[in-house]
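Source file: model-v1.txt (compact mmCIF, C-alpha atoms (C1' of nucleotides))
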# COMPACT_ATOMS: atom_id res chain seq x y z
CA MET A 8 0.00 0.00 0.00
CA THR A 9 1.36 3.41 -0.92
CA LYS A 10 1.66 6.22 1.56
CA ALA A 11 -1.09 8.11 -0.21
CA ASP A 12 -3.40 5.12 0.11
CA LYS A 13 -2.54 4.78 3.77
CA ALA A 14 -3.26 8.46 4.41
CA TYR A 15 -6.55 8.14 2.58
CA GLN A 16 -7.52 5.13 4.65
CA LEU A 17 -6.69 6.79 7.98
CA LEU A 18 -8.47 10.01 7.08
CA GLU A 19 -11.53 8.12 5.95
CA ILE A 20 -11.76 6.53 9.40
CA GLU A 21 -11.15 9.85 11.13
CA TYR A 22 -13.75 11.80 9.14
CA PRO A 23 -16.56 9.40 8.20
CA ASN A 24 -18.85 12.29 7.31
CA ALA A 25 -16.52 14.32 5.13
CA LYS A 26 -18.16 15.39 1.93
CA CYS A 27 -18.95 18.37 -0.20
CA SER A 28 -20.60 21.00 1.96
CA LEU A 29 -22.14 22.93 -0.88
CA ASP A 30 -25.65 21.97 -1.80
CA TYR A 31 -26.43 22.90 -5.35
CA GLY A 32 -28.76 22.16 -8.19
CA THR A 33 -27.46 23.13 -11.59
CA PRO A 34 -23.87 23.69 -12.74
CA PHE A 35 -24.61 27.41 -12.94
CA GLN A 36 -25.80 27.48 -9.35
CA LEU A 37 -22.71 25.63 -8.25
CA LEU A 38 -20.54 28.08 -10.15
CA VAL A 39 -22.16 31.11 -8.51
CA SER A 40 -22.12 29.64 -5.03
CA THR A 41 -18.50 28.53 -5.39
CA ILE A 42 -17.46 32.03 -6.38
CA LEU A 43 -19.42 33.55 -3.52
CA SER A 44 -18.16 31.09 -0.97
CA ALA A 45 -14.50 31.52 -1.91
CA GLN A 46 -12.61 33.12 0.95
CA ALA A 47 -15.66 32.94 3.13
CA THR A 48 -15.54 30.46 5.95
CA ASP A 49 -17.54 27.46 4.89
CA LYS A 50 -20.41 27.80 7.37
CA SER A 51 -23.43 29.88 6.51
CA VAL A 52 -22.64 29.89 2.83
CA ASN A 53 -25.12 27.14 2.17
CA ASN A 54 -28.42 28.68 3.17
CA VAL A 55 -27.24 32.06 2.05
CA THR A 56 -26.40 31.12 -1.51
CA GLU A 57 -29.50 28.97 -1.57
CA LYS A 58 -31.52 32.11 -0.92
CA LEU A 59 -29.74 33.91 -3.71
CA TYR A 60 -30.19 31.34 -6.38
CA LYS A 61 -33.74 30.56 -5.49
CA LEU A 62 -34.46 34.12 -6.47
CA TYR A 63 -32.05 34.06 -9.39
CA PRO A 64 -31.64 30.46 -10.46
CA ASP A 65 -30.03 30.85 -13.87
CA VAL A 66 -28.00 33.03 -16.21
CA ASP A 67 -31.05 34.78 -17.62
CA SER A 68 -32.27 35.98 -14.24
CA PHE A 69 -28.85 37.44 -13.45
CA LEU A 70 -28.69 39.08 -16.87
CA THR A 71 -31.72 41.19 -15.97
CA LEU A 72 -29.87 42.74 -13.02
CA THR A 73 -27.47 45.66 -13.00
CA GLN A 74 -24.18 45.30 -11.20
CA GLU A 75 -25.55 47.46 -8.39
CA GLU A 76 -28.59 45.25 -8.04
CA ILE A 77 -26.42 42.16 -7.78
CA GLU A 78 -24.27 43.93 -5.23
CA ASN A 79 -27.30 44.75 -3.12
CA LYS A 80 -28.51 41.17 -3.23
CA ILE A 81 -25.14 39.87 -2.13
CA LYS A 82 -24.76 42.51 0.54
CA LYS A 83 -28.18 41.68 1.91
CA ILE A 84 -27.31 38.05 2.43
CA GLY A 85 -23.97 38.91 3.96
CA LEU A 86 -21.34 37.82 1.46
CA TYR A 87 -18.49 39.61 -0.24
CA LYS A 88 -20.17 42.28 -2.25
CA ASN A 89 -17.06 42.95 -4.33
CA LYS A 90 -17.81 39.72 -6.18
CA SER A 91 -20.81 41.38 -7.82
CA LYS A 92 -18.67 42.79 -10.61
CA ASN A 93 -17.26 39.37 -11.39
CA ILE A 94 -20.67 37.74 -11.43
CA TYR A 95 -22.11 40.53 -13.55
CA ASN A 96 -19.33 40.15 -16.11
CA MET A 97 -19.30 36.38 -15.95
CA CYS A 98 -22.96 36.12 -16.86
CA ARG A 99 -22.34 38.27 -19.93
CA GLU A 100 -19.40 36.11 -20.90
CA LEU A 101 -21.54 33.00 -20.56
CA ARG A 102 -24.13 34.60 -22.80
CA ASP A 103 -21.73 35.91 -25.42
CA LYS A 104 -19.20 33.09 -25.63
CA PHE A 105 -20.83 29.97 -24.27
CA ASN A 106 -24.46 30.15 -25.31
CA LYS A 107 -25.43 30.54 -21.65
CA GLU A 108 -24.05 27.10 -20.80
CA VAL A 109 -21.42 26.53 -18.14
CA PRO A 110 -18.38 25.27 -20.08
CA LYS A 111 -16.85 21.91 -19.27
CA THR A 112 -13.14 22.51 -19.72
CA MET A 113 -10.55 23.97 -17.40
CA VAL A 114 -9.40 26.56 -19.95
CA GLU A 115 -12.89 27.79 -20.75
CA LEU A 116 -13.96 27.96 -17.12
CA MET A 117 -10.85 29.89 -16.17
CA SER A 118 -11.50 32.40 -18.91
CA LEU A 119 -14.57 33.57 -16.98
CA SER A 120 -14.37 36.60 -14.69
CA GLY A 121 -13.72 35.63 -11.12
CA VAL A 122 -13.09 31.99 -11.93
CA GLY A 123 -9.60 30.74 -11.17
CA ARG A 124 -7.94 27.35 -11.05
CA LYS A 125 -9.62 26.24 -7.84
CA THR A 126 -13.17 27.28 -8.66
CA ALA A 127 -12.85 25.79 -12.14
CA SER A 128 -11.72 22.41 -10.89
CA VAL A 129 -14.44 22.32 -8.25
CA VAL A 130 -17.05 22.86 -10.96
CA LEU A 131 -15.51 20.17 -13.18
CA VAL A 132 -15.58 17.62 -10.40
CA GLU A 133 -18.78 18.44 -8.59
CA ALA A 134 -21.02 19.47 -11.44
CA PHE A 135 -19.72 17.41 -14.35
CA LYS A 136 -17.96 14.53 -12.61
CA ILE A 137 -14.91 15.24 -14.72
CA PRO A 138 -11.82 14.07 -12.83
CA ALA A 139 -9.80 16.94 -11.37
CA PHE A 140 -8.08 17.58 -8.07
CA PRO A 141 -8.85 21.04 -6.69
CA VAL A 142 -6.02 22.41 -4.56
CA ASP A 143 -6.77 25.17 -2.13
CA THR A 144 -4.40 26.31 0.60
CA HIS A 145 -5.51 23.54 2.95
CA VAL A 146 -4.90 20.78 0.42
CA PHE A 147 -1.63 22.41 -0.57
CA ARG A 148 -0.31 22.65 2.97
CA VAL A 149 -1.45 19.23 4.19
CA SER A 150 -0.24 17.34 1.11
CA ARG A 151 3.18 18.89 1.36
CA ARG A 152 3.55 18.41 5.11
CA LEU A 153 2.60 14.77 4.80
CA GLY A 154 5.19 14.35 2.09
CA LEU A 155 2.69 13.32 -0.53
CA ALA A 156 3.56 16.26 -2.77
CA LYS A 157 6.71 18.29 -3.20
CA GLY A 158 5.61 20.76 -5.87
CA SER A 159 5.84 24.46 -5.17
CA THR A 160 2.64 25.43 -6.97
CA ALA A 161 -0.94 24.30 -6.65
CA ASP A 162 -0.85 22.94 -10.19
CA LYS A 163 2.12 20.70 -9.43
CA VAL A 164 0.60 19.47 -6.18
CA SER A 165 -2.61 18.68 -8.02
CA ASP A 166 -0.73 16.61 -10.61
CA GLU A 167 1.25 14.75 -7.97
CA MET A 168 -1.83 13.84 -5.97
CA MET A 169 -3.64 12.57 -9.04
CA LYS A 170 -0.70 10.34 -9.88
CA LYS A 171 -0.51 8.87 -6.40
CA LEU A 172 -4.17 8.03 -5.95
CA SER A 173 -6.55 6.01 -8.03
CA LYS A 174 -9.10 8.18 -9.74
CA LYS A 175 -12.03 7.02 -7.69
CA LYS A 176 -10.34 8.29 -4.54
CA TRP A 177 -9.69 11.83 -5.77
CA HIS A 178 -13.01 13.32 -4.87
CA LEU A 179 -13.21 12.12 -1.28
CA MET A 180 -9.50 12.73 -0.69
CA HIS A 181 -9.98 16.37 -1.58
CA HIS A 182 -12.62 16.76 1.11
CA LEU A 183 -10.67 14.70 3.63
CA LEU A 184 -7.58 16.89 3.21
CA ILE A 185 -9.60 20.09 3.55
CA THR A 186 -11.30 18.84 6.69
CA HIS A 187 -7.99 17.75 8.17
CA GLY A 188 -6.36 21.05 7.23
CA ARG A 189 -9.10 23.04 8.92
CA GLU A 190 -9.29 21.02 12.09
CA VAL A 191 -5.89 19.52 12.79
CA CYS A 192 -3.20 20.32 10.26
CA ILE A 193 -3.79 24.05 10.64
CA ALA A 194 -1.36 26.60 9.25
CA GLN A 195 0.10 27.76 12.56
CA ASN A 196 0.93 25.34 15.34
CA PRO A 197 -0.65 22.24 13.83
CA LYS A 198 -2.08 19.82 16.36
CA CYS A 199 0.35 17.02 15.68
CA GLU A 200 -0.30 15.33 19.03
CA ILE A 201 -3.82 14.42 18.03
CA CYS A 202 -3.15 13.86 14.33
CA CYS A 203 -4.20 10.50 12.97
CA LEU A 204 -1.44 10.74 10.37
CA LYS A 205 1.54 11.60 12.56
CA ASN A 206 3.11 8.18 12.13
CA ILE A 207 3.42 8.64 8.39
CA CYS A 208 3.95 12.40 8.29
CA THR A 209 7.19 13.86 6.97
CA TYR A 210 6.61 17.14 8.80
CA PHE A 211 6.03 15.41 12.15
CA LYS A 212 9.09 13.22 11.72
CA ALA A 213 11.24 16.29 11.09
CA LYS A 214 10.04 18.10 14.20
C1' DA B 30 7.26 33.67 -7.95
C1' DA B 31 5.95 37.59 -5.66
C1' DC B 32 2.82 40.90 -5.07
C1' DT B 33 -1.88 43.31 -4.73
C1' DC B 34 -6.53 43.39 -3.57
C1' DG B 35 -9.92 43.80 0.12
C1' DG B 36 -13.63 42.07 3.21
C1' DG B 37 -14.54 38.76 6.93
C1' DG B 38 -13.01 36.56 11.39
C1' DC B 39 -11.03 37.08 15.41
C1' DA B 40 -8.19 38.77 19.41
C1' DT C 2 -7.99 48.30 15.79
C1' DG C 3 -4.85 45.58 13.66
C1' DC C 4 -3.46 41.05 11.95
C1' DC C 5 -4.31 37.11 9.31
C1' DC C 6 -6.33 34.59 5.69
C1' DA C 7 -8.29 32.47 0.72
C1' DG C 8 -8.41 32.89 -3.79
C1' DA C 9 -8.16 35.66 -8.18
C1' DG C 10 -5.57 38.65 -10.90
C1' DT C 11 -1.41 41.17 -12.16
C1' DT C 12 3.45 42.03 -12.88

Can I see the file as structure tokens?
Amino acid sequence: MTKADKAYQLLEIEYPNAKCSLDYGTPFQLLVSTILSAQATDKSVNNVTEKLYKLYPDVDSFLTLTQEEIENKIKKIGLYKNKSKNIYNMCRELRDKFNKEVPKTMVELMSLSGVGRKTASVVLVEAFKIPAFPVDTHVFRVSRRLGLAKGSTADKVSDEMMKKLSKKKWHLMHHLLITHGREVCIAQNPKCEICCLKNICTYFKAK
DNA sequence: AACTCGGGGCA
DNA sequence: TGCCCAGAGTT
């Protein structure tokens, strides 16, 4: 068994309920809620974005709003209002370049306003079940501390993780690493004493 | 690769 | 109030 498989196994036992926290309907709704939830702490995003896209469920309903109107909606539900410009522009890009459909490739998704590498790969995996390994700062930090990835950029870490794990494990592993990074393998003063992975962790060994 | 941006969380 | 942070965008 590889180290990556071992880590996966241990994390799966530690976090039996780990899964995607975003509840979404359509790919477009996932896209909007992913953008809005970026940089926000995960809680509260769910019901809040739900409210938003119940009122405005698709591209067309957003296209009827001015940027200021979108900003007011977002402000009212308590999320980053500065994302309104991105969402306003993105909906026009979807209309003009993609026939109002959420595109299904990394390059196309990343061409949209406010959509970067992480948001794009989340949409590919969650909405279209296209294999990808989203790397946020949690996944980046935990993978490197464990010694599963050595790359210095999120893209490299993503590639390394995909090579080390069978495809069917990618999706859950992503959520397991995020959960672990939030709760135990935190950025400052990680809680190594209680870590279920300390016996196989490069960072812990070096301490 | 390093920096900027800028609002939320938290002490 | 000031410090940190996540992710996108820019240089």

Cut-off 10 Å: closest chain A/chain C atom pairs per residue, using all atoms listed in the file, as JSON lines:
{"residue": "A:Ile42", "atom": "CA", "partner": "C:DG8", "partner_atom": "C1'", "distance": 9.5}
{"residue": "A:Ala45", "atom": "CA", "partner": "C:DG8", "partner_atom": "C1'", "distance": 6.5}
{"residue": "A:Gln46", "atom": "CA", "partner": "C:DA7", "partner_atom": "C1'", "distance": 4.4}
{"residue": "A:Ala47", "atom": "CA", "partner": "C:DA7", "partner_atom": "C1'", "distance": 7.8}
{"residue": "A:Thr48", "atom": "CA", "partner": "C:DA7", "partner_atom": "C1'", "distance": 9.2}
{"residue": "A:Ser120", "atom": "CA", "partner": "C:DA9", "partner_atom": "C1'", "distance": 9.0}
{"residue": "A:Gly121", "atom": "CA", "partner": "C:DA9", "partner_atom": "C1'", "distance": 6.3}
{"residue": "A:Val122", "atom": "CA", "partner": "C:DA9", "partner_atom": "C1'", "distance": 7.2}
{"residue": "A:Gly123", "atom": "CA", "partner": "C:DA9", "partner_atom": "C1'", "distance": 5.9}
{"residue": "A:Arg124", "atom": "CA", "partner": "C:DA9", "partner_atom": "C1'", "distance": 8.8}
{"residue": "A:Lys125", "atom": "CA", "partner": "C:DG8", "partner_atom": "C1'", "distance": 7.9}
{"residue": "A:Thr126", "atom": "CA", "partner": "C:DG8", "partner_atom": "C1'", "distance": 8.8}
{"residue": "A:Asp143", "atom": "CA", "partner": "C:DA7", "partner_atom": "C1'", "distance": 8.0}
{"residue": "A:Thr144", "atom": "CA", "partner": "C:DA7", "partner_atom": "C1'", "distance": 7.3}
{"residue": "A:His145", "atom": "CA", "partner": "C:DA7", "partner_atom": "C1'", "distance": 9.6}

Mind dumping the selected residues with C-alpha atoms as a tab-separated table (two decimals), keeping the file's coordinate frame?
chain	number	residue	atom	x	y	z
A	42	ILE	CA	-17.46	32.03	-6.38
A	45	ALA	CA	-14.50	31.52	-1.91
A	46	GLN	CA	-12.61	33.12	0.95
A	47	ALA	CA	-15.66	32.94	3.13
A	48	THR	CA	-15.54	30.46	5.95
A	120	SER	CA	-14.37	36.60	-14.69
A	121	GLY	CA	-13.72	35.63	-11.12
A	122	VAL	CA	-13.09	31.99	-11.93
A	123	GLY	CA	-9.60	30.74	-11.17
A	124	ARG	CA	-7.94	27.35	-11.05
A	125	LYS	CA	-9.62	26.24	-7.84
A	126	THR	CA	-13.17	27.28	-8.66
A	143	ASP	CA	-6.77	25.17	-2.13
A	144	THR	CA	-4.40	26.31	0.60
A	145	HIS	CA	-5.51	23.54	2.95

Listing only residues of chain B within 9 Å of chain A, what is the closest atom pair and its distance in Å (to one decimal) for each, using all atoms listed in the file, sorted by chain and residue number ascending, as CSV?
residue,atom,partner,partner_atom,distance
B:DG35,C1',A:Asn89,CA,8.5
B:DG36,C1',A:Tyr87,CA,6.4
B:DG37,C1',A:Ala47,CA,7.0
B:DG38,C1',A:Thr48,CA,8.6

What's around segment 205-208 of chain A at 12 Å? Count only C-alpha atoms (C1' of nucleotides), leave out sequence neighbours fewer than 6 positions away in its own chain, and write the answer as a CSV table (one decimal) with C-alpha atoms, in the coordinates of the input.
chain,number,residue,atom,x,y,z
A,9,THR,CA,1.4,3.4,-0.9
A,10,LYS,CA,1.7,6.2,1.6
A,11,ALA,CA,-1.1,8.1,-0.2
A,12,ASP,CA,-3.4,5.1,0.1
A,13,LYS,CA,-2.5,4.8,3.8
A,14,ALA,CA,-3.3,8.5,4.4
A,15,TYR,CA,-6.6,8.1,2.6
A,17,LEU,CA,-6.7,6.8,8.0
A,18,LEU,CA,-8.5,10.0,7.1
A,149,VAL,CA,-1.4,19.2,4.2
A,150,SER,CA,-0.2,17.3,1.1
A,151,ARG,CA,3.2,18.9,1.4
A,152,ARG,CA,3.6,18.4,5.1
A,153,LEU,CA,2.6,14.8,4.8
A,154,GLY,CA,5.2,14.4,2.1
A,155,LEU,CA,2.7,13.3,-0.5
A,156,ALA,CA,3.6,16.3,-2.8
A,191,VAL,CA,-5.9,19.5,12.8
A,192,CYS,CA,-3.2,20.3,10.3
A,197,PRO,CA,-0.6,22.2,13.8
A,198,LYS,CA,-2.1,19.8,16.4
A,199,CYS,CA,0.4,17.0,15.7
A,214,LYS,CA,10.0,18.1,14.2

Please check which residues have atoms at most 12 Å from (-17.7, 13.0, 4.5) in the file's coordinates, counting all atoms listed in the file, and write them as JSON, numbers by chain.
{"A": [18, 19, 20, 21, 22, 23, 24, 25, 26, 27, 28, 178, 179, 180, 181, 182, 183, 184, 185, 186, 187]}

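Atom pair atom CA of Ser44 of chain A / atom CA of Gln74 of chain A has a distance of 18.5 Å (rounded to one decimal).
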
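Distance-wise, atom CA of Arg99 of chain A and atom CA of Pro64 of chain A end up 15.4 Å apart.
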
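From atom CA of Gly32 of chain A back to atom CA of Ser128 of chain A, the distance works out to 17.3 Å.
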
Quick one: residues within 9 Å of segment 105-113 of chain A, all atoms listed in the file counted, chain neighbours fewer than 5 positions away excluded, as a VMD selection string?
chain A and resid 34 to 35 38 66 to 67 98 to 100 118 124 127 to 128 130 to 131 135 137

Just C-alpha atoms for this one: save the residues we selected as a PDB file, in the frame of the given file.
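Once everything was written out, this is out-v9.pdb:
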ATOM      1  CA  PRO A  34     -23.870  23.690 -12.740  1.00  0.00           C
ATOM      2  CA  PHE A  35     -24.610  27.410 -12.940  1.00  0.00           C
ATOM      3  CA  LEU A  38     -20.540  28.080 -10.150  1.00  0.00           C
ATOM      4  CA  VAL A  66     -28.000  33.030 -16.210  1.00  0.00           C
ATOM      5  CA  ASP A  67     -31.050  34.780 -17.620  1.00  0.00           C
ATOM      6  CA  CYS A  98     -22.960  36.120 -16.860  1.00  0.00           C
ATOM      7  CA  ARG A  99     -22.340  38.270 -19.930  1.00  0.00           C
ATOM      8  CA  GLU A 100     -19.400  36.110 -20.900  1.00  0.00           C
ATOM      9  CA  SER A 118     -11.500  32.400 -18.910  1.00  0.00           C
ATOM     10  CA  ARG A 124      -7.940  27.350 -11.050  1.00  0.00           C
ATOM     11  CA  ALA A 127     -12.850  25.790 -12.140  1.00  0.00           C
ATOM     12  CA  SER A 128     -11.720  22.410 -10.890  1.00  0.00           C
ATOM     13  CA  VAL A 130     -17.050  22.860 -10.960  1.00  0.00           C
ATOM     14  CA  LEU A 131     -15.510  20.170 -13.180  1.00  0.00           C
ATOM     15  CA  PHE A 135     -19.720  17.410 -14.350  1.00  0.00           C
ATOM     16  CA  ILE A 137     -14.910  15.240 -14.720  1.00  0.00           C
TER      17      ILE A 137
END

Once 3 Å is added on each side, what are the centre and the three edge lengths, in Å to one decimal, of the axis-aligned box enclosing the listed atoms of segment 192-203 of chain A? Present them as AutoDock Vina command-line options.
--center_x -1.6 --center_y 19.1 --center_z 14.1 --size_x 11.1 --size_y 23.3 --size_z 15.8
